[in-house]
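Structure data (mmCIF, C-alpha atoms) from input20.cif:
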data_input
#
loop_
_atom_site.label_atom_id
_atom_site.label_comp_id
_atom_site.auth_asym_id
_atom_site.auth_seq_id
_atom_site.Cartn_x
_atom_site.Cartn_y
_atom_site.Cartn_z
CA MET A 1 6.57 82.25 37.22
CA VAL A 2 3.46 80.78 35.60
CA LYS A 3 4.16 77.76 33.42
CA VAL A 4 2.07 77.17 30.31
CA THR A 5 2.30 73.88 28.40
CA LEU A 6 0.48 73.50 25.09
CA ILE A 7 -0.24 69.91 24.01
CA HIS A 8 -0.72 69.72 20.25
CA ALA A 9 -0.84 67.11 17.46
CA SER A 10 0.18 66.90 13.83
CA TRP A 11 -3.36 66.05 12.69
CA CYS A 12 -5.03 68.88 14.60
CA THR A 13 -6.21 71.79 12.47
CA VAL A 14 -6.77 74.16 15.39
CA CYS A 15 -3.30 73.58 16.86
CA PRO A 16 -1.33 75.98 14.58
CA SER A 17 -3.64 78.80 15.71
CA ALA A 18 -3.21 77.82 19.35
CA ARG A 19 0.60 77.75 18.99
CA ARG A 20 0.56 81.17 17.36
CA PHE A 21 -1.83 82.46 20.03
CA TRP A 22 0.39 81.46 22.99
CA LYS A 23 3.57 82.64 21.27
CA ASP A 24 1.97 86.04 20.63
CA LEU A 25 0.81 86.22 24.24
CA LYS A 26 4.31 85.36 25.43
CA SER A 27 5.66 88.36 23.55
CA GLU A 28 3.31 90.53 25.65
CA TYR A 29 3.40 88.77 29.02
CA ASP A 30 6.08 87.10 31.07
CA PHE A 31 5.48 83.36 31.56
CA GLU A 32 7.26 80.09 30.95
CA TYR A 33 6.03 78.39 27.79
CA GLU A 34 6.57 75.00 26.18
CA GLU A 35 4.91 73.04 23.39
CA VAL A 36 4.62 69.25 23.49
CA ASP A 37 3.52 67.03 20.61
CA VAL A 38 1.10 64.46 22.03
CA GLU A 39 2.67 61.74 19.89
CA THR A 40 6.09 62.09 21.57
CA LEU A 41 7.07 60.18 24.71
CA GLN A 42 6.70 63.35 26.81
CA GLY A 43 3.32 63.95 25.17
CA GLN A 44 2.12 60.45 26.03
CA VAL A 45 3.21 60.89 29.65
CA LEU A 46 1.26 64.18 29.90
CA LYS A 47 -1.71 62.66 28.06
CA ASP A 48 -1.95 59.86 30.63
CA LYS A 49 -1.23 62.11 33.61
CA TYR A 50 -3.96 64.62 32.76
CA GLY A 51 -6.33 62.24 30.94
CA ILE A 52 -6.10 64.33 27.77
CA VAL A 53 -8.49 63.25 25.03
CA GLY A 54 -8.45 66.35 22.86
CA VAL A 55 -6.07 68.85 21.32
CA PRO A 56 -5.01 71.59 21.58
CA THR A 57 -4.98 71.35 25.38
CA THR A 58 -3.31 73.99 27.52
CA ILE A 59 -1.97 73.09 30.95
CA ILE A 60 -1.28 76.01 33.27
CA ASP A 61 0.69 75.33 36.44
CA GLY A 62 -0.21 71.66 36.48
CA LYS A 63 -3.91 72.02 35.67
CA VAL A 64 -5.80 71.60 32.41
CA ALA A 65 -6.88 75.18 31.74
CA PHE A 66 -8.20 75.11 28.15
CA THR A 67 -9.14 72.75 25.39
CA GLY A 68 -9.31 74.44 22.01
CA LEU A 69 -8.36 78.02 21.28
CA PRO A 70 -8.99 80.23 24.33
CA LYS A 71 -10.17 83.81 24.24
CA LYS A 72 -7.36 86.25 24.96
CA ALA A 73 -9.09 87.71 28.01
CA ASP A 74 -9.63 84.22 29.49
CA ALA A 75 -6.03 83.25 28.82
CA ILE A 76 -4.72 86.38 30.55
CA ALA A 77 -7.10 85.89 33.48
CA SER A 78 -5.94 82.29 33.92
CA MET A 79 -2.37 83.43 34.47
CA ILE A 80 -3.07 86.03 37.13
CA MET B 1 -9.60 105.35 7.65
CA TYR B 2 -10.16 102.12 5.74
CA ASP B 3 -12.83 101.85 3.09
CA LEU B 4 -13.81 98.39 4.27
CA ILE B 5 -13.04 96.24 7.31
CA ILE B 6 -13.92 92.58 7.09
CA ILE B 7 -14.24 90.72 10.38
CA GLY B 8 -13.42 87.05 9.98
CA GLY B 9 -10.96 85.23 7.78
CA GLY B 10 -12.95 82.14 6.81
CA PRO B 11 -14.23 81.44 3.27
CA ALA B 12 -16.73 84.35 3.35
CA GLY B 13 -14.24 86.87 4.74
CA LEU B 14 -11.38 85.92 2.43
CA THR B 15 -13.63 85.99 -0.63
CA ALA B 16 -14.88 89.42 0.40
CA GLY B 17 -11.25 90.47 0.80
CA ILE B 18 -10.32 89.31 -2.70
CA PHE B 19 -13.31 91.13 -4.21
CA ALA B 20 -12.54 94.27 -2.19
CA VAL B 21 -8.92 94.38 -3.38
CA ARG B 22 -10.01 93.89 -6.97
CA SER B 23 -12.44 96.80 -6.57
CA GLY B 24 -9.58 98.99 -5.39
CA LEU B 25 -10.89 99.37 -1.85
CA GLU B 26 -8.54 100.10 1.05
CA SER B 27 -9.50 97.04 3.03
CA LEU B 28 -8.40 94.98 6.00
CA ILE B 29 -9.41 91.59 7.36
CA LEU B 30 -9.39 91.23 11.14
CA GLU B 31 -9.14 87.63 12.23
CA ARG B 32 -8.88 86.05 15.65
CA SER B 33 -6.79 83.03 14.72
CA GLU B 34 -4.28 82.12 12.08
CA ILE B 35 -6.41 79.36 10.60
CA SER B 36 -10.08 80.08 10.73
CA GLY B 37 -13.33 78.88 9.29
CA GLN B 38 -15.26 75.87 10.48
CA ILE B 39 -14.45 74.29 7.13
CA ALA B 40 -10.83 73.84 8.27
CA LEU B 41 -12.14 71.25 10.71
CA ALA B 42 -13.84 69.17 8.00
CA ASP B 43 -12.21 65.88 7.12
CA ILE B 44 -13.45 65.94 3.52
CA VAL B 45 -15.37 68.48 1.45
CA GLU B 46 -17.16 66.97 -1.54
CA ASN B 47 -19.76 69.59 -2.44
CA TYR B 48 -17.57 72.47 -3.56
CA PRO B 49 -17.51 72.68 -7.38
CA GLY B 50 -14.14 72.07 -8.96
CA PHE B 51 -12.91 69.95 -6.07
CA PRO B 52 -14.54 66.50 -6.08
CA SER B 53 -12.81 65.65 -2.80
CA ILE B 54 -10.55 67.91 -0.75
CA SER B 55 -9.77 68.22 2.95
CA GLY B 56 -11.23 71.26 4.69
CA LEU B 57 -7.80 72.48 5.78
CA GLU B 58 -6.41 72.16 2.25
CA LEU B 59 -9.32 74.14 0.83
CA MET B 60 -8.84 76.81 3.50
CA ASP B 61 -5.12 77.00 2.66
CA LYS B 62 -6.02 77.56 -0.99
CA TYR B 63 -8.30 80.46 -0.03
CA LYS B 64 -5.59 81.95 2.18
CA ASN B 65 -2.91 81.67 -0.51
CA HIS B 66 -5.23 83.16 -3.11
CA ALA B 67 -6.07 86.07 -0.80
CA GLN B 68 -2.39 86.69 -0.02
CA GLU B 69 -1.48 86.65 -3.72
CA ALA B 70 -4.32 89.08 -4.44
CA GLY B 71 -2.88 91.47 -1.85
CA VAL B 72 -5.47 91.10 0.90
CA GLN B 73 -4.22 92.60 4.17
CA THR B 74 -4.91 90.63 7.34
CA LYS B 75 -4.35 91.37 11.01
CA ILE B 76 -4.63 88.81 13.81
CA THR B 77 -6.67 90.38 16.59
CA GLU B 78 -9.85 89.85 18.56
CA VAL B 79 -12.74 92.14 17.72
CA VAL B 80 -14.69 93.25 20.77
CA SER B 81 -17.42 95.42 19.22
CA VAL B 82 -18.63 97.13 16.06
CA HIS B 83 -20.78 100.24 15.92
CA SER B 84 -21.63 103.21 13.72
CA GLU B 85 -20.89 106.86 14.42
CA GLY B 86 -22.74 108.63 11.65
CA ALA B 87 -21.35 107.30 8.38
CA LYS B 88 -18.21 106.08 10.15
CA LYS B 89 -17.84 102.54 11.49
CA ILE B 90 -15.78 101.88 14.61
CA VAL B 91 -14.32 98.40 15.08
CA SER B 92 -12.89 97.98 18.58
CA THR B 93 -10.28 95.27 19.10
CA ASP B 94 -7.84 94.16 21.77
CA ILE B 95 -5.14 96.23 20.05
CA GLY B 96 -7.20 99.39 19.60
CA ASP B 97 -9.92 100.89 17.43
CA PHE B 98 -10.10 100.79 13.63
CA GLU B 99 -12.25 103.07 11.50
CA SER B 100 -13.84 102.36 8.16
CA ARG B 101 -16.61 103.44 5.82
CA ALA B 102 -18.17 99.97 5.71
CA VAL B 103 -17.86 96.66 7.54
CA ILE B 104 -18.53 93.08 6.55
CA ILE B 105 -19.27 90.70 9.42
CA ALA B 106 -18.00 87.24 8.49
CA THR B 107 -17.44 85.94 11.99
CA GLY B 108 -18.85 82.49 11.30
CA ALA B 109 -20.24 80.21 13.93
CA ASN B 110 -19.30 77.66 16.53
CA PRO B 111 -20.81 74.24 17.20
CA LYS B 112 -24.01 74.32 19.19
CA ASN B 113 -24.33 72.74 22.62
CA ILE B 114 -27.09 70.28 23.51
CA ASN B 115 -27.30 71.64 27.08
CA VAL B 116 -27.73 68.39 28.96
CA PRO B 117 -26.20 67.39 32.30
CA GLY B 118 -22.64 66.21 31.86
CA GLU B 119 -21.95 68.04 28.60
CA LYS B 120 -20.12 71.05 30.01
CA GLU B 121 -18.41 69.15 32.81
CA LEU B 122 -17.00 66.51 30.46
CA ILE B 123 -15.63 68.76 27.72
CA SER B 124 -12.08 67.56 27.09
CA ARG B 125 -13.01 64.47 29.11
CA GLY B 126 -14.66 62.74 26.17
CA VAL B 127 -17.19 65.35 25.05
CA SER B 128 -15.98 66.90 21.81
CA TYR B 129 -17.20 69.11 18.98
CA CYS B 130 -14.39 68.27 16.55
CA ALA B 131 -13.94 64.71 15.30
CA ILE B 132 -10.89 65.54 13.23
CA CYS B 133 -9.12 67.08 16.28
CA ASP B 134 -10.07 64.54 18.92
CA GLY B 135 -11.08 61.41 16.97
CA PRO B 136 -7.54 59.98 16.92
CA PHE B 137 -7.66 59.70 20.74
CA PHE B 138 -10.38 57.07 20.38
CA ARG B 139 -8.71 54.47 18.20
CA ASN B 140 -10.53 51.12 18.53
CA LYS B 141 -12.93 52.60 21.07
CA THR B 142 -16.71 53.08 21.04
CA VAL B 143 -17.92 56.55 20.16
CA VAL B 144 -21.27 58.31 19.90
CA VAL B 145 -22.06 61.04 17.39
CA ILE B 146 -25.14 63.12 18.19
CA GLY B 147 -26.88 64.81 15.26
CA GLY B 148 -28.56 64.13 11.95
CA GLY B 149 -27.21 66.67 9.48
CA ASN B 150 -24.37 66.57 6.98
CA SER B 151 -21.77 67.40 9.61
CA ALA B 152 -22.88 64.64 11.96
CA ILE B 153 -22.80 61.96 9.26
CA THR B 154 -19.48 63.21 7.88
CA GLU B 155 -18.03 63.00 11.40
CA ALA B 156 -19.46 59.49 11.87
CA LEU B 157 -17.87 58.39 8.57
CA PHE B 158 -14.52 59.89 9.59
CA LEU B 159 -14.69 58.21 13.00
CA SER B 160 -15.67 54.85 11.49
CA LYS B 161 -12.10 54.62 10.14
CA ILE B 162 -10.66 55.07 13.64
CA ALA B 163 -13.12 53.78 16.21
CA ARG B 164 -14.28 50.20 16.71
CA LYS B 165 -17.95 51.19 16.82
CA VAL B 166 -19.77 54.42 15.99
CA TYR B 167 -23.32 55.06 17.20
CA LEU B 168 -25.08 57.84 15.32
CA VAL B 169 -27.78 59.10 17.67
CA HIS B 170 -30.51 61.29 16.22
CA ARG B 171 -33.67 62.62 17.84
CA ARG B 172 -35.82 62.40 14.71
CA ASP B 173 -36.90 59.43 12.56
CA LYS B 174 -35.15 60.83 9.48
CA PHE B 175 -31.76 62.40 8.87
CA ARG B 176 -31.47 65.92 7.43
CA ALA B 177 -28.19 64.98 5.74
CA THR B 178 -27.96 64.54 1.97
CA LYS B 179 -28.87 61.11 0.59
CA ILE B 180 -25.36 60.33 -0.61
CA LEU B 181 -23.97 60.67 2.93
CA GLN B 182 -26.83 58.69 4.47
CA ASP B 183 -26.28 55.89 1.96
CA ARG B 184 -22.58 55.82 2.68
CA ALA B 185 -23.12 55.65 6.44
CA SER B 186 -25.81 52.97 6.15
CA VAL B 187 -23.40 50.57 4.40
CA THR B 188 -20.50 51.24 6.77
CA PRO B 189 -20.40 48.10 8.94
CA ASN B 190 -19.28 49.73 12.20
CA ILE B 191 -21.82 52.59 12.12
CA LYS B 192 -25.13 51.96 13.85
CA PHE B 193 -28.06 54.37 13.71
CA ILE B 194 -30.15 55.03 16.82
CA MET B 195 -33.17 57.07 15.73
CA ASN B 196 -35.87 58.89 17.72
CA ALA B 197 -33.39 59.14 20.56
CA PHE B 198 -33.35 62.19 22.79
CA VAL B 199 -30.09 62.40 24.72
CA MET B 200 -30.87 63.30 28.34
CA GLU B 201 -27.47 63.05 29.99
CA ILE B 202 -23.80 62.36 29.39
CA VAL B 203 -22.40 60.40 32.28
CA GLY B 204 -18.78 60.44 33.41
CA SER B 205 -16.74 58.13 35.59
CA GLY B 206 -15.81 58.98 39.14
CA GLY B 207 -12.26 59.50 40.31
CA GLU B 208 -9.72 62.25 39.94
CA ILE B 209 -9.74 62.23 36.14
CA ARG B 210 -13.32 61.92 34.99
CA LYS B 211 -14.09 60.44 31.59
CA VAL B 212 -17.23 59.84 29.57
CA VAL B 213 -18.60 56.36 30.20
CA LYS B 214 -22.15 56.42 28.81
CA ILE B 215 -25.10 58.42 27.59
CA ILE B 216 -28.66 58.16 28.80
CA TYR B 217 -31.33 58.69 26.16
CA LYS B 218 -35.08 58.47 25.81
CA ASP B 219 -36.67 56.55 22.95
CA LEU B 220 -39.19 59.11 21.79
CA LYS B 221 -41.43 56.43 20.25
CA SER B 222 -41.66 54.01 23.16
CA GLY B 223 -40.88 56.45 25.95
CA GLU B 224 -38.30 54.01 27.35
CA ILE B 225 -35.05 55.20 28.87
CA HIS B 226 -31.85 53.53 27.66
CA GLU B 227 -28.18 53.64 28.55
CA LEU B 228 -25.43 53.35 25.97
CA ALA B 229 -21.82 52.77 26.99
CA THR B 230 -19.31 54.91 25.11
CA ASP B 231 -15.83 56.37 25.45
CA CYS B 232 -16.63 59.64 23.74
CA VAL B 233 -19.50 61.81 22.58
CA PHE B 234 -19.10 63.99 19.51
CA ILE B 235 -21.79 66.65 19.36
CA SER B 236 -22.80 67.86 15.92
CA VAL B 237 -26.26 69.38 16.18
CA GLY B 238 -25.86 72.63 14.29
CA ILE B 239 -24.15 75.94 14.81
CA HIS B 240 -24.33 79.00 17.02
CA PRO B 241 -23.39 82.27 15.25
CA ASN B 242 -20.62 84.51 16.56
CA THR B 243 -22.63 87.72 16.45
CA GLU B 244 -22.36 89.09 19.98
CA ILE B 245 -20.00 91.88 18.84
CA LEU B 246 -22.69 93.94 17.17
CA ASN B 247 -26.16 95.17 17.82
CA VAL B 248 -28.21 94.71 14.65
CA GLU B 249 -31.42 92.83 13.90
CA LYS B 250 -31.04 89.10 14.45
CA ASN B 251 -33.34 86.09 14.53
CA ASP B 252 -34.08 84.09 17.71
CA GLY B 253 -30.99 81.96 17.13
CA GLY B 254 -28.75 85.03 16.96
CA PHE B 255 -28.19 84.84 13.19
CA ILE B 256 -27.95 88.30 11.58
CA LEU B 257 -30.85 89.32 9.36
CA THR B 258 -29.86 90.85 6.01
CA ASN B 259 -31.55 92.20 2.89
CA ASN B 260 -30.86 90.99 -0.66
CA SER B 261 -27.57 92.92 -0.71
CA LEU B 262 -26.57 91.28 2.59
CA GLU B 263 -26.83 94.61 4.35
CA THR B 264 -27.83 94.47 8.02
CA SER B 265 -30.25 96.79 9.78
CA ASP B 266 -27.27 99.16 10.30
CA LYS B 267 -26.51 100.88 6.97
CA GLY B 268 -23.02 100.13 5.68
CA ILE B 269 -22.64 96.99 7.80
CA TYR B 270 -22.99 93.74 5.85
CA ALA B 271 -23.04 90.10 6.95
CA ALA B 272 -21.74 87.07 5.06
CA GLY B 273 -21.40 83.35 5.66
CA ASP B 274 -22.42 81.26 8.65
CA CYS B 275 -23.19 84.22 10.92
CA ARG B 276 -26.25 85.31 8.93
CA GLU B 277 -29.69 83.79 8.54
CA THR B 278 -29.75 81.75 5.34
CA LEU B 279 -31.05 78.48 3.95
CA ILE B 280 -27.73 76.61 3.88
CA TRP B 281 -24.58 77.03 5.90
CA GLN B 282 -22.04 75.60 3.50
CA VAL B 283 -18.69 76.76 2.21
CA VAL B 284 -20.14 77.30 -1.26
CA ALA B 285 -22.76 79.67 0.18
CA ALA B 286 -20.16 81.48 2.29
CA VAL B 287 -18.05 82.17 -0.78
CA ARG B 288 -21.05 83.54 -2.66
CA ASP B 289 -21.95 85.70 0.35
CA GLY B 290 -18.42 87.12 0.55
CA ALA B 291 -18.49 88.13 -3.11
CA LEU B 292 -21.95 89.68 -2.87
CA ALA B 293 -21.30 91.55 0.37
CA ALA B 294 -18.04 93.04 -0.96
CA THR B 295 -19.74 94.12 -4.19
CA ALA B 296 -22.63 95.72 -2.30
CA ALA B 297 -20.21 97.38 0.15
CA ASN B 298 -18.21 98.77 -2.77
CA GLU B 299 -21.34 100.39 -4.22
CA TYR B 300 -22.20 101.84 -0.81
CA ILE B 301 -18.66 103.22 -0.32
CA GLU B 302 -18.68 104.72 -3.83
CA SER B 303 -21.98 106.48 -3.13
CA LEU B 304 -20.59 107.81 0.17
CA LYS B 305 -17.48 109.14 -1.58
CA ASN B 306 -19.55 110.71 -4.37
CA ARG B 307 -21.74 112.45 -1.82
CA LEU B 308 -18.68 113.79 0.00
CA HIS B 309 -17.20 114.96 -3.30
CA GLU B 310 -20.41 116.76 -4.30
CA LYS B 311 -20.55 118.37 -0.86
CA SER B 312 -16.98 119.63 -1.22
CA LEU B 313 -17.87 121.22 -4.58
CA GLY B 314 -20.70 123.17 -2.95
CA PRO B 315 -24.01 124.25 -4.60
CA SER B 316 -23.80 124.64 -8.38
#

Entire entry expressed as structure tokens:
Amino acid sequence: MVKVTLIHASWCTVCPSARRFWKDLKSEYDFEYEEVDVETLQGQVLKDKYGIVGVPTTIIDGKVAFTGLPKKADAIASMI
Amino acid sequence: MYDLIIIGGGPAGLTAGIFAVRSGLESLILERSEISGQIALADIVENYPGFPSISGLELMDKYKNHAQEAGVQTKITEVVSVHSEGAKKIVSTDIGDFESRAVIIATGANPKNINVPGEKELISRGVSYCAICDGPFFRNKTVVVIGGGNSAITEALFLSKIARKVYLVHRRDKFRATKILQDRASVTPNIKFIMNAFVMEIVGSGGEIRKVVKIIYKDLKSGEIHELATDCVFISVGIHPNTEILNVEKNDGGFILTNNSLETSDKGIYAAGDCRETLIWQVVAAVRDGALAATAANEYIESLKNRLHEKSLGPS
């Protein structure tokens, strides 16, 4: 199953939309989904691993797929 | 069928929604994301009357709350296209088609690219269009802001509180930004202006995870080529309108052309805010546009309804 990880931050104004976006998509499509705050220990590990310097960042199956809010069609295509 | 569909839930769209509800129109706002409007990305707004200093997100929340209290209906969906079928407007979205008598396009704009080598490849690797989102990743680092308008200087001022050094790189010899912002930036010790500088390339490091390491720019006065080491490049050189969903008259930049009532070349379709050609793209102008477009749309819808009513009565 495809795994989607959304990295977000408390200061980020786009992040609430991105969280809503992926949650809505999860109600339509079957994929594993988790959200990680970049300021947590897990977030820092992912930040260093993927060299993340912007939020929201979406990692799909171990690859940085999107920074910012993706278009729905692009998000669906990235999971096929 | 709705009387009015408003596409976009930023300041222009929400204002149009409030005016539409107050006019008694059956209306709906279609919005792509929960929090919209470029203004939500602004650290501080200081030129909106009544609010000497307010964060962009806080101002956007106030608009949203006001709209909700007024009874504005909103649906989160992505609009794919808008077109007319006679007097009827068809708005196609990813969840199906909506019909209305009139439409207001308030789709806003996105930051413009500078289209130089390295820009696209290094997005999310140190190239950014949102200082408030990505600035905190560059604490005590060196950053470059490209641009010379209000947004660029506001971003530089925001970043000066986080970064060790901020270079504000502008291709002209004067800024377009308002004097008050220029003055503020000029007395901020860790902001340095680099004028007459045309950015030619953004250069990234090698390795598995590439990151921005420098920019290469040309001094337009001397013709010399310079390199400037940096950890990040924030690009703030204007906006590109989100107007691909409809086929109406636009200028070369893609901004929708409107008449004094903000009506487009397609009767019954109006444009408001950053997506239309105007003198200033500011939240105060977007709000005014929303009010005007909704008022003009209301008059148009009333005239349509009156015509239908007269038709139903038959010849006198």

Inset, instruction - Please evaluate the PyMOL selection byres ((chain B) within 7 of (chain A)) against the structure above and give the resulting residues as a PyMOL selection string. - result: chain B and resi 33-35+40-41+57+124-126+132-134+137+209

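The space separating CA of Ala106 in chain B from CA of Asp274 in chain B comes to 7.4 Å.
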
Inset, instruction - Please indicate the distance in Å from CA of Glu155 in chain B to CA of Gly56 in chain B, rounded to one decimal place. - result: 12.6 Å

Near Ala131 in chain B, counting all atoms listed in the file, which residues have an atom at most 12 Å away, once you skip same-chain residues fewer than 2 positions from it, shown as a PDB file with C-alpha atoms, in the frame of the given file?
ATOM      1  CA  TRP A  11      -3.360  66.050  12.690  1.00  0.00           C
ATOM      2  CA  CYS A  12      -5.030  68.880  14.600  1.00  0.00           C
ATOM      3  CA  THR A  13      -6.210  71.790  12.470  1.00  0.00           C
ATOM      4  CA  VAL A  14      -6.770  74.160  15.390  1.00  0.00           C
ATOM      5  CA  VAL A  53      -8.490  63.250  25.030  1.00  0.00           C
ATOM      6  CA  GLY A  54      -8.450  66.350  22.860  1.00  0.00           C
ATOM      7  CA  VAL A  55      -6.070  68.850  21.320  1.00  0.00           C
TER       8      VAL A  55
ATOM      9  CA  ALA B  40     -10.830  73.840   8.270  1.00  0.00           C
ATOM     10  CA  LEU B  41     -12.140  71.250  10.710  1.00  0.00           C
ATOM     11  CA  ALA B  42     -13.840  69.170   8.000  1.00  0.00           C
ATOM     12  CA  ASP B  43     -12.210  65.880   7.120  1.00  0.00           C
ATOM     13  CA  ILE B  44     -13.450  65.940   3.520  1.00  0.00           C
ATOM     14  CA  PRO B 111     -20.810  74.240  17.200  1.00  0.00           C
ATOM     15  CA  GLY B 126     -14.660  62.740  26.170  1.00  0.00           C
ATOM     16  CA  VAL B 127     -17.190  65.350  25.050  1.00  0.00           C
ATOM     17  CA  SER B 128     -15.980  66.900  21.810  1.00  0.00           C
ATOM     18  CA  TYR B 129     -17.200  69.110  18.980  1.00  0.00           C
ATOM     19  CA  CYS B 133      -9.120  67.080  16.280  1.00  0.00           C
ATOM     20  CA  ASP B 134     -10.070  64.540  18.920  1.00  0.00           C
ATOM     21  CA  GLY B 135     -11.080  61.410  16.970  1.00  0.00           C
ATOM     22  CA  PRO B 136      -7.540  59.980  16.920  1.00  0.00           C
ATOM     23  CA  PHE B 137      -7.660  59.700  20.740  1.00  0.00           C
ATOM     24  CA  PHE B 138     -10.380  57.070  20.380  1.00  0.00           C
ATOM     25  CA  ARG B 139      -8.710  54.470  18.200  1.00  0.00           C
ATOM     26  CA  VAL B 143     -17.920  56.550  20.160  1.00  0.00           C
ATOM     27  CA  VAL B 144     -21.270  58.310  19.900  1.00  0.00           C
ATOM     28  CA  VAL B 145     -22.060  61.040  17.390  1.00  0.00           C
ATOM     29  CA  ILE B 146     -25.140  63.120  18.190  1.00  0.00           C
ATOM     30  CA  SER B 151     -21.770  67.400   9.610  1.00  0.00           C
ATOM     31  CA  ALA B 152     -22.880  64.640  11.960  1.00  0.00           C
ATOM     32  CA  ILE B 153     -22.800  61.960   9.260  1.00  0.00           C
ATOM     33  CA  THR B 154     -19.480  63.210   7.880  1.00  0.00           C
ATOM     34  CA  GLU B 155     -18.030  63.000  11.400  1.00  0.00           C
ATOM     35  CA  ALA B 156     -19.460  59.490  11.870  1.00  0.00           C
ATOM     36  CA  LEU B 157     -17.870  58.390   8.570  1.00  0.00           C
ATOM     37  CA  PHE B 158     -14.520  59.890   9.590  1.00  0.00           C
ATOM     38  CA  LEU B 159     -14.690  58.210  13.000  1.00  0.00           C
ATOM     39  CA  SER B 160     -15.670  54.850  11.490  1.00  0.00           C
ATOM     40  CA  LYS B 161     -12.100  54.620  10.140  1.00  0.00           C
ATOM     41  CA  ILE B 162     -10.660  55.070  13.640  1.00  0.00           C
ATOM     42  CA  ALA B 163     -13.120  53.780  16.210  1.00  0.00           C
ATOM     43  CA  VAL B 166     -19.770  54.420  15.990  1.00  0.00           C
ATOM     44  CA  CYS B 232     -16.630  59.640  23.740  1.00  0.00           C
ATOM     45  CA  VAL B 233     -19.500  61.810  22.580  1.00  0.00           C
ATOM     46  CA  PHE B 234     -19.100  63.990  19.510  1.00  0.00           C
ATOM     47  CA  ILE B 235     -21.790  66.650  19.360  1.00  0.00           C
ATOM     48  CA  SER B 236     -22.800  67.860  15.920  1.00  0.00           C
TER      49      SER B 236
END

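Going from CA of Lys23 in chain A over to CA of Ile80 in chain A, you cover 17.5 Å.
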
Inset, instruction - Evaluate the PyMOL selection byres ((chain B and resi 227) around 7) on the structure here and hand back the selected residues as JSON, numbers by chain. - result: {"B": [214, 215, 216, 217, 226, 228, 229]}

Inset, instruction - Kindly indicate which residue among B:Val199, B:Ile54, B:Ile256, B:Ile301 lies nearest to Asp219 in chain B, using only C-alpha atoms for the distances. - result: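 Among B:Val199, B:Ile54, B:Ile256, B:Ile301, it is B:Val199 that comes nearest to Asp219 in chain B.
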
Legend entry - Chain and number of each residue from the PyMOL selection byres ((chain B and resi 74-81) around 10), as a PyMOL selection string: (chain A and resi 20-21+24+71-73) or (chain B and resi 5-9+14+17+27-34+67-68+71-73+82-83+90-98+107+243-247)

Next, write the just-selected residues to a file, as an mmCIF file, in the frame of the given file, keeping C-alpha atoms as the atom set.
data_model
loop_
_atom_site.group_PDB
_atom_site.id
_atom_site.type_symbol
_atom_site.label_atom_id
_atom_site.label_comp_id
_atom_site.auth_asym_id
_atom_site.auth_seq_id
_atom_site.Cartn_x
_atom_site.Cartn_y
_atom_site.Cartn_z
ATOM 1 C CA ARG A 20 0.560 81.170 17.360
ATOM 2 C CA PHE A 21 -1.830 82.460 20.030
ATOM 3 C CA ASP A 24 1.970 86.040 20.630
ATOM 4 C CA LYS A 71 -10.170 83.810 24.240
ATOM 5 C CA LYS A 72 -7.360 86.250 24.960
ATOM 6 C CA ALA A 73 -9.090 87.710 28.010
ATOM 7 C CA ILE B 5 -13.040 96.240 7.310
ATOM 8 C CA ILE B 6 -13.920 92.580 7.090
ATOM 9 C CA ILE B 7 -14.240 90.720 10.380
ATOM 10 C CA GLY B 8 -13.420 87.050 9.980
ATOM 11 C CA GLY B 9 -10.960 85.230 7.780
ATOM 12 C CA LEU B 14 -11.380 85.920 2.430
ATOM 13 C CA GLY B 17 -11.250 90.470 0.800
ATOM 14 C CA SER B 27 -9.500 97.040 3.030
ATOM 15 C CA LEU B 28 -8.400 94.980 6.000
ATOM 16 C CA ILE B 29 -9.410 91.590 7.360
ATOM 17 C CA LEU B 30 -9.390 91.230 11.140
ATOM 18 C CA GLU B 31 -9.140 87.630 12.230
ATOM 19 C CA ARG B 32 -8.880 86.050 15.650
ATOM 20 C CA SER B 33 -6.790 83.030 14.720
ATOM 21 C CA GLU B 34 -4.280 82.120 12.080
ATOM 22 C CA ALA B 67 -6.070 86.070 -0.800
ATOM 23 C CA GLN B 68 -2.390 86.690 -0.020
ATOM 24 C CA GLY B 71 -2.880 91.470 -1.850
ATOM 25 C CA VAL B 72 -5.470 91.100 0.900
ATOM 26 C CA GLN B 73 -4.220 92.600 4.170
ATOM 27 C CA VAL B 82 -18.630 97.130 16.060
ATOM 28 C CA HIS B 83 -20.780 100.240 15.920
ATOM 29 C CA ILE B 90 -15.780 101.880 14.610
ATOM 30 C CA VAL B 91 -14.320 98.400 15.080
ATOM 31 C CA SER B 92 -12.890 97.980 18.580
ATOM 32 C CA THR B 93 -10.280 95.270 19.100
ATOM 33 C CA ASP B 94 -7.840 94.160 21.770
ATOM 34 C CA ILE B 95 -5.140 96.230 20.050
ATOM 35 C CA GLY B 96 -7.200 99.390 19.600
ATOM 36 C CA ASP B 97 -9.920 100.890 17.430
ATOM 37 C CA PHE B 98 -10.100 100.790 13.630
ATOM 38 C CA THR B 107 -17.440 85.940 11.990
ATOM 39 C CA THR B 243 -22.630 87.720 16.450
ATOM 40 C CA GLU B 244 -22.360 89.090 19.980
ATOM 41 C CA ILE B 245 -20.000 91.880 18.840
ATOM 42 C CA LEU B 246 -22.690 93.940 17.170
ATOM 43 C CA ASN B 247 -26.160 95.170 17.820
#

Inset, instruction - Can you work out which one of A:Glu35, A:Asp30, A:Gly62, A:Leu46 has the shortest atom-to-atom distance to Ile76 in chain A, counting only C-alpha atoms? - result: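 With only C-alpha atoms as the atom set, the closest residue is A:Asp30.
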
Inset, instruction - Name the closest residue to Gly108 in chain B among the candidates B:Gly223, B:Gly206, B:Gly254, B:Pro49; distances are taken between atoms, counting all atoms listed in the file. - result: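 Counting all atoms listed in the file, the residue closest to Gly108 in chain B is B:Gly254.
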